[in-house]
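Structure file final_23.cif; described as mmCIF, C-alpha atoms and all ligand atoms.
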data_my_file
loop_
_atom_site.label_atom_id
_atom_site.label_comp_id
_atom_site.auth_asym_id
_atom_site.auth_seq_id
_atom_site.Cartn_x
_atom_site.Cartn_y
_atom_site.Cartn_z
CA MET A 1 0.00 0.00 0.00
CA ILE A 2 2.95 2.32 0.52
CA GLN A 3 4.42 1.49 -2.89
CA ARG A 4 1.59 2.85 -5.02
CA PRO A 5 1.88 6.57 -4.13
CA PHE A 6 5.65 6.21 -4.39
CA LEU A 7 5.36 4.82 -7.92
CA TYR A 8 2.82 7.46 -8.91
CA SER A 9 5.16 10.22 -7.75
CA ARG A 10 8.07 8.64 -9.64
CA THR A 11 6.00 8.49 -12.83
CA GLY A 12 4.74 12.02 -12.32
CA ALA A 13 8.26 13.31 -11.75
CA ALA A 14 9.50 11.64 -14.91
CA ILE A 15 6.69 13.17 -16.98
CA ALA A 16 7.27 16.59 -15.43
CA ALA A 17 11.00 16.33 -16.16
CA MET A 18 10.28 15.33 -19.76
CA PHE A 19 8.04 18.32 -20.36
CA ALA A 20 10.46 20.69 -18.62
CA LEU A 21 13.33 19.49 -20.80
CA CYS A 22 11.27 19.73 -23.98
CA ALA A 23 9.99 23.18 -23.04
CA SER A 24 13.47 24.52 -22.35
CA ALA A 25 14.73 23.17 -25.66
CA GLN A 26 11.81 24.64 -27.64
CA ALA A 27 11.32 28.00 -25.95
CA ALA A 28 14.09 29.90 -27.70
CA VAL A 29 13.23 29.34 -31.38
CA VAL A 30 9.91 30.29 -32.99
CA ASP A 31 8.62 30.97 -36.49
CA VAL A 32 7.55 34.61 -36.72
CA THR A 33 5.33 35.58 -39.63
CA VAL A 34 5.56 39.32 -40.26
CA THR A 35 2.73 40.90 -42.26
CA VAL A 36 3.04 44.45 -43.55
CA GLN A 37 0.05 46.52 -44.74
CA ASN A 38 -0.09 49.89 -46.45
CA LEU A 39 -3.05 51.60 -44.76
CA ALA A 40 -2.73 54.94 -46.59
CA PRO A 41 -5.70 56.26 -48.61
CA ALA A 42 -5.99 55.31 -52.30
CA ASN A 43 -3.46 57.24 -54.45
CA SER A 44 -1.49 58.32 -51.37
CA VAL A 45 1.96 57.11 -50.27
CA SER A 46 3.51 53.78 -51.21
CA PHE A 47 6.38 52.07 -49.42
CA ALA A 48 9.63 50.45 -50.50
CA PRO A 49 10.34 46.90 -49.21
CA LEU A 50 10.51 46.78 -45.40
CA HIS A 51 13.95 46.07 -43.99
CA VAL A 52 13.71 44.22 -40.67
CA GLY A 53 15.92 42.75 -38.01
CA PHE A 54 15.17 40.63 -34.94
CA ASN A 55 18.07 41.59 -32.72
CA ASN A 56 19.70 42.19 -29.34
CA GLY A 57 18.95 45.93 -29.25
CA SER A 58 22.43 47.17 -30.16
CA PHE A 59 21.87 48.55 -33.70
CA ASP A 60 20.69 52.19 -33.72
CA ALA A 61 20.23 53.43 -37.30
CA PHE A 62 19.42 57.11 -36.63
CA ASN A 63 18.48 59.74 -34.06
CA LEU A 64 15.80 62.44 -34.06
CA GLY A 65 17.71 65.73 -34.51
CA GLY A 66 20.89 63.95 -35.58
CA VAL A 67 22.62 63.99 -38.96
CA ALA A 68 21.56 60.93 -40.99
CA THR A 69 24.42 58.56 -41.79
CA ALA A 70 24.91 56.12 -44.67
CA PRO A 71 22.85 53.23 -43.22
CA ILE A 72 19.59 55.19 -42.85
CA ILE A 73 20.27 57.22 -46.01
CA SER A 74 20.37 53.92 -47.92
CA VAL A 75 16.82 53.28 -46.72
CA ALA A 76 15.48 56.85 -46.98
CA GLU A 77 16.84 57.98 -50.35
CA GLY A 78 16.45 54.90 -52.51
CA GLY A 79 14.82 52.21 -50.42
CA ALA A 80 17.43 49.53 -51.21
CA GLY A 81 18.89 49.62 -47.69
CA GLY A 82 22.20 47.94 -48.53
CA ALA A 83 24.23 50.03 -46.06
CA TRP A 84 21.51 49.59 -43.40
CA GLN A 85 21.69 45.79 -43.69
CA ALA A 86 25.51 45.83 -43.68
CA ALA A 87 25.74 48.13 -40.64
CA PHE A 88 23.13 46.02 -38.85
CA ALA A 89 25.15 42.83 -39.53
CA ALA A 90 28.33 44.49 -38.26
CA ALA A 91 26.72 45.83 -35.07
CA ASP A 92 24.79 42.65 -34.26
CA PRO A 93 26.20 39.62 -36.11
CA THR A 94 23.66 37.13 -34.68
CA ALA A 95 20.59 39.21 -35.61
CA THR A 96 18.01 37.65 -37.94
CA ARG A 97 17.59 40.15 -40.78
CA GLY A 98 15.61 40.31 -44.00
CA THR A 99 13.47 42.33 -46.39
CA ILE A 100 9.72 41.95 -46.77
CA GLY A 101 7.78 42.43 -50.00
CA GLY A 102 8.30 44.72 -52.97
CA LEU A 103 6.77 48.13 -53.67
CA LEU A 104 3.75 48.28 -51.34
CA LEU A 105 0.93 50.29 -52.93
CA PRO A 106 -1.96 51.78 -50.93
CA GLY A 107 -4.17 48.95 -49.63
CA ALA A 108 -1.60 46.22 -50.37
CA SER A 109 -0.03 43.74 -47.95
CA SER A 110 2.82 41.25 -47.89
CA SER A 111 4.12 38.58 -45.48
CA LEU A 112 7.34 36.75 -44.73
CA THR A 113 8.23 34.17 -42.04
CA PHE A 114 11.47 34.23 -40.05
CA SER A 115 12.98 31.67 -37.68
CA VAL A 116 13.83 33.68 -34.56
CA ASP A 117 15.71 32.86 -31.36
CA THR A 118 13.62 34.79 -28.84
CA ALA A 119 16.32 34.72 -26.16
CA LEU A 120 19.09 35.96 -28.44
CA ASN A 121 17.01 38.40 -30.52
CA PRO A 122 14.03 39.72 -28.52
CA PHE A 123 13.96 43.18 -30.18
CA PHE A 124 12.51 44.24 -33.55
CA THR A 125 13.91 47.04 -35.73
CA PHE A 126 12.60 48.16 -39.13
CA GLY A 127 12.97 50.74 -41.87
CA SER A 128 11.31 51.51 -45.22
CA MET A 129 11.33 54.42 -47.66
CA VAL A 130 8.09 56.37 -48.14
CA VAL A 131 7.39 57.29 -51.77
CA PRO A 132 7.07 59.62 -53.49
CA SER A 133 9.74 61.53 -51.56
CA ASN A 134 13.36 62.58 -51.64
CA ASP A 135 14.31 61.10 -48.27
CA PHE A 136 11.26 60.12 -46.20
CA PHE A 137 11.06 56.86 -44.29
CA ILE A 138 9.44 54.94 -41.47
CA GLY A 139 11.49 53.26 -38.75
CA ASN A 140 12.18 53.05 -35.01
CA ASP A 141 14.56 55.62 -33.51
CA SER A 142 15.26 53.58 -30.35
CA PRO A 143 16.57 50.07 -30.99
CA THR A 144 14.88 48.89 -27.79
CA GLU A 145 11.48 50.51 -28.52
CA TYR A 146 9.91 47.20 -29.63
CA ARG A 147 10.74 44.26 -27.39
CA LEU A 148 8.72 41.53 -29.13
CA PHE A 149 9.58 38.70 -26.74
CA ASP A 150 9.74 38.53 -22.95
CA ALA A 151 12.27 36.42 -21.02
CA ALA A 152 9.98 33.37 -21.29
CA GLY A 153 9.78 33.73 -25.09
CA ASN A 154 6.19 34.98 -25.14
CA LEU A 155 5.15 37.44 -27.86
CA ASN A 156 4.65 40.85 -26.22
CA ILE A 157 3.58 42.88 -29.25
CA ALA A 158 0.92 41.74 -31.73
CA ALA A 159 1.24 44.71 -34.09
CA ILE A 160 3.00 48.03 -34.67
CA GLY A 161 0.85 50.79 -36.15
CA ILE A 162 2.34 53.88 -37.78
CA LYS A 163 0.58 57.19 -38.33
CA ALA A 164 1.46 59.93 -40.82
CA SER A 165 2.82 62.05 -37.93
CA GLU A 166 5.47 59.33 -37.39
CA ILE A 167 6.96 59.58 -40.92
CA TRP A 168 10.59 60.74 -40.84
CA ASP A 169 12.49 63.12 -43.13
CA ALA A 170 16.14 62.06 -43.13
CA GLY A 171 17.27 65.63 -43.84
CA SER A 172 19.83 64.24 -46.24
CA GLU A 173 18.34 65.21 -49.64
CA VAL A 174 16.88 68.54 -50.71
CA PHE A 175 13.11 68.49 -51.33
CA ASP A 176 12.72 68.52 -55.12
CA PRO A 177 9.93 66.72 -57.01
CA ALA A 178 12.16 66.56 -60.11
CA ALA A 179 14.64 64.45 -58.11
CA ALA A 180 12.22 62.52 -55.90
CA ALA A 181 11.93 58.74 -56.06
CA PHE A 182 8.71 57.44 -57.69
CA VAL A 183 7.98 60.73 -59.50
CA GLY A 184 11.35 62.16 -60.57
CA ASN A 185 14.93 61.35 -61.55
CA ASN A 186 17.18 60.03 -58.78
CA ASP A 187 20.25 61.28 -60.65
CA LEU A 188 19.21 64.86 -59.83
CA ARG A 189 19.46 64.39 -56.03
CA ARG A 190 21.20 67.13 -54.02
CA ASP A 191 22.51 66.94 -50.45
CA GLN A 192 20.41 68.76 -47.85
CA ASN A 193 22.86 68.64 -44.90
CA SER A 194 20.09 68.86 -42.33
CA VAL A 195 19.00 66.50 -39.55
CA VAL A 196 16.39 63.77 -39.03
CA ALA A 197 12.94 65.22 -38.24
CA PHE A 198 9.28 64.28 -38.40
CA ASN A 199 7.67 65.47 -41.65
CA PHE A 200 4.59 64.31 -43.51
CA ALA A 201 3.11 67.69 -44.53
CA GLU A 202 5.66 68.10 -47.33
CA LEU A 203 4.21 65.03 -49.08
CA ALA A 204 1.24 67.16 -50.23
CA ALA A 205 3.67 69.06 -52.46
CA PHE A 206 3.78 65.96 -54.70
CA ASN A 207 0.01 66.05 -55.30
CA GLY A 208 -0.93 65.77 -58.98
CA LEU A 209 2.31 64.09 -60.07
CA THR A 210 2.20 60.74 -61.87
CA THR A 211 3.91 57.98 -59.88
CA GLY A 212 6.07 55.15 -61.18
CA ALA A 213 3.09 52.83 -60.55
CA GLY A 214 0.91 54.97 -62.86
CA TYR A 215 -1.45 56.56 -60.35
CA THR A 216 -1.78 60.29 -59.81
CA PHE A 217 -0.51 61.05 -56.34
CA ASN A 218 -2.75 62.65 -53.74
CA SER A 219 -1.34 62.69 -50.18
CA ALA A 220 -4.70 63.14 -48.37
CA LEU A 221 -2.84 62.58 -45.09
CA THR A 222 -3.47 64.24 -41.76
CA ALA A 223 -1.26 63.75 -38.70
CA ASP A 224 -3.60 61.08 -37.35
CA SER A 225 -3.90 59.06 -40.59
CA ASP A 226 -2.92 55.40 -40.28
CA VAL A 227 -0.34 54.70 -42.95
CA TYR A 228 1.27 51.35 -42.09
CA ARG A 229 0.87 48.28 -39.91
CA ILE A 230 3.31 45.50 -39.05
CA THR A 231 1.62 42.41 -37.57
CA PHE A 232 3.36 39.47 -35.86
CA GLY A 233 2.20 35.86 -35.68
CA VAL A 234 4.19 33.17 -33.87
CA SER A 235 4.33 29.37 -34.04
CA PRO A 236 6.85 27.19 -32.17
CA VAL A 237 9.61 25.35 -34.02
CA PRO A 238 10.66 22.07 -32.32
CA GLU A 239 14.44 21.70 -32.48
CA PRO A 240 15.95 18.32 -33.39
CA GLY A 241 17.35 18.08 -29.84
CA SER A 242 13.90 18.30 -28.30
CA TYR A 243 12.82 15.12 -30.08
CA ALA A 244 15.75 13.22 -28.47
CA LEU A 245 14.79 14.66 -25.09
CA MET A 246 11.18 13.68 -25.63
CA ALA A 247 12.25 10.12 -26.54
CA ALA A 248 14.45 9.94 -23.44
CA GLY A 249 11.57 11.20 -21.32
CA LEU A 250 9.18 8.61 -22.74
CA MET A 251 11.74 5.84 -22.12
CA ALA A 252 12.06 7.00 -18.49
CA VAL A 253 8.29 6.89 -18.08
CA GLY A 254 8.20 3.44 -19.68
CA PHE A 255 10.91 2.20 -17.30
CA VAL A 256 9.01 3.43 -14.26
CA ALA A 257 5.77 1.95 -15.58
CA ARG A 258 7.44 -1.45 -16.10
CA ARG A 259 8.85 -1.35 -12.58
CA ARG A 260 5.44 -0.45 -11.31
CA ARG A 261 3.91 -3.49 -13.03
CA SER A 262 6.63 -5.87 -11.76
CA ASP A 263 6.33 -4.46 -8.23
CA ARG A 264 2.62 -5.21 -8.33
CA GLN A 265 3.21 -8.92 -8.97
CA PRO A 266 2.36 -11.15 -6.00
CA ALA A 267 5.42 -12.06 -3.92
CA GLY A 268 4.90 -15.72 -4.66
CA MET A 269 5.21 -15.21 -8.43
CA ALA A 270 8.28 -13.02 -8.16
CA ALA A 271 10.01 -15.68 -6.05
CA ALA A 272 9.05 -18.48 -8.44
CA CA A 301 18.22 56.30 -32.33
CA CA A 302 14.66 66.11 -47.24
#
Can you give me the file's structure in the form of structure tokens?
Amino acid sequence: MIQRPFLYSRTGAAIAAMFALCASAQAAVVDVTVTVQNLAPANSVSFAPLHVGFNNGSFDAFNLGGVATAPIISVAEGGAGGAWQAAFAAADPTATRGTIGGLLLPGASSSLTFSVDTALNPFFTFGSMVVPSNDFFIGNDSPTEYRLFDAAGNLNIAAIGIKASEIWDAGSEVFDPAAAAFVGNNDLRRDQNSVVAFNFAELAAFNGLTTGAGYTFNSALTADSDVYRITFGVSPVPEPGSYALMAAGLMAVGFVARRRRSDRQPAGMAAA
């Protein structure tokens, strides 16, 4: 009569240990599907591909009131972001980086899935050019503004919404519709030598121009207009090691269960 609770506790402990081991092996890596949406009104702003990085919070691409440097200029003036990606890789070599979608027209959306270590790379950083413009972009000033994952690996942030009042002007290229991306000739760009500031009102100066996508631009933005949304969806990714741990855990449970059965046998049979 004493043996039964003892065996139950042994079995319970083995199962608990199995799940604890599996959980610790799985917690760090998840699949994160990032969906981007252009929420601007019809015929208003479009966006270049979104550059993203899941990271440790050490890469800071720009500062409000500071002179824009090559990394953020590569996002803001042409959208390609080559220097941004390179500087990100140098500052944070274990970050998971990528680029989502192509030209994102008003009303359009795009998605991409990343495999992310939530312990190593809990923060999210992004940047995309706003067009038409000379040097406008969206992005996070503070590299630790968006902590997607808590210490336990849980998703903290379901979505990031961006309003027109949060559009940046890099201050690196002079406002000039003739030189602006999406409506003008990039070869005509001239240095502005100013600093990063918020600016969406200047976009209305492009109204009436024909964009590279063929629509006639009309900003129609007010400070409170929603222009962009980044949504996060997470699913766990079992690592190969967790399967071995699970198998070991099941074997331990099986061993205890067998012992339990043999212990139950009448004394006479065991002796025989
Ligand atoms: Ca900053
Ligand atoms: Ca400018």
Shell of 12 Å around Leu209 in chain A, all atoms listed in the file, local chain residues under 3 positions omitted, as JSON, numbers by chain
{"A": [43, 44, 131, 132, 133, 177, 178, 180, 181, 182, 183, 184, 203, 204, 205, 206, 212, 213, 214, 215, 216, 217, 218, 219]}
What residues of the protein or nucleic acid chains come within 10 Å of ligand CA 301 (chain A) when you use only C-alpha atoms and all ligand atoms? Reply as an MDAnalysis selection string. chainID A and resid 59:66 139:145
Selection within 9 Å of ligand CA 302 (chain A) by only C-alpha atoms and all ligand atoms, output as a PDB file with C-alpha atoms, in the frame of the given file:
ATOM      1  CA  GLU A  77      16.840  57.980 -50.350  1.00  0.00           C
ATOM      2  CA  SER A 133       9.740  61.530 -51.560  1.00  0.00           C
ATOM      3  CA  ASN A 134      13.360  62.580 -51.640  1.00  0.00           C
ATOM      4  CA  ASP A 135      14.310  61.100 -48.270  1.00  0.00           C
ATOM      5  CA  PHE A 136      11.260  60.120 -46.200  1.00  0.00           C
ATOM      6  CA  ASP A 169      12.490  63.120 -43.130  1.00  0.00           C
ATOM      7  CA  ALA A 170      16.140  62.060 -43.130  1.00  0.00           C
ATOM      8  CA  GLY A 171      17.270  65.630 -43.840  1.00  0.00           C
ATOM      9  CA  SER A 172      19.830  64.240 -46.240  1.00  0.00           C
ATOM     10  CA  GLU A 173      18.340  65.210 -49.640  1.00  0.00           C
ATOM     11  CA  VAL A 174      16.880  68.540 -50.710  1.00  0.00           C
ATOM     12  CA  PHE A 175      13.110  68.490 -51.330  1.00  0.00           C
ATOM     13  CA  ASP A 176      12.720  68.520 -55.120  1.00  0.00           C
ATOM     14  CA  ASP A 191      22.510  66.940 -50.450  1.00  0.00           C
ATOM     15  CA  GLN A 192      20.410  68.760 -47.850  1.00  0.00           C
ATOM     16  CA  ASN A 193      22.860  68.640 -44.900  1.00  0.00           C
ATOM     17  CA  SER A 194      20.090  68.860 -42.330  1.00  0.00           C
ATOM     18  CA  VAL A 195      19.000  66.500 -39.550  1.00  0.00           C
ATOM     19  CA  VAL A 196      16.390  63.770 -39.030  1.00  0.00           C
ATOM     20  CA  ASN A 199       7.670  65.470 -41.650  1.00  0.00           C
TER      21      ASN A 199
END
In Å and to one decimal, CA of Ile230 in chain A is distant from CA of Pro71 in chain A by 21.4 Å
To test the calculation: enclose all listed atoms of range 134-141 of chain A in a box whose edges run along x, y and z, add 5 Å on each side, then state centre and edge lengths in Å to one decimal, as lines of an AutoDock Vina configuration file.
center_x = 12.0
center_y = 57.8
center_z = -42.6
size_x = 15.1
size_y = 19.5
size_z = 28.1
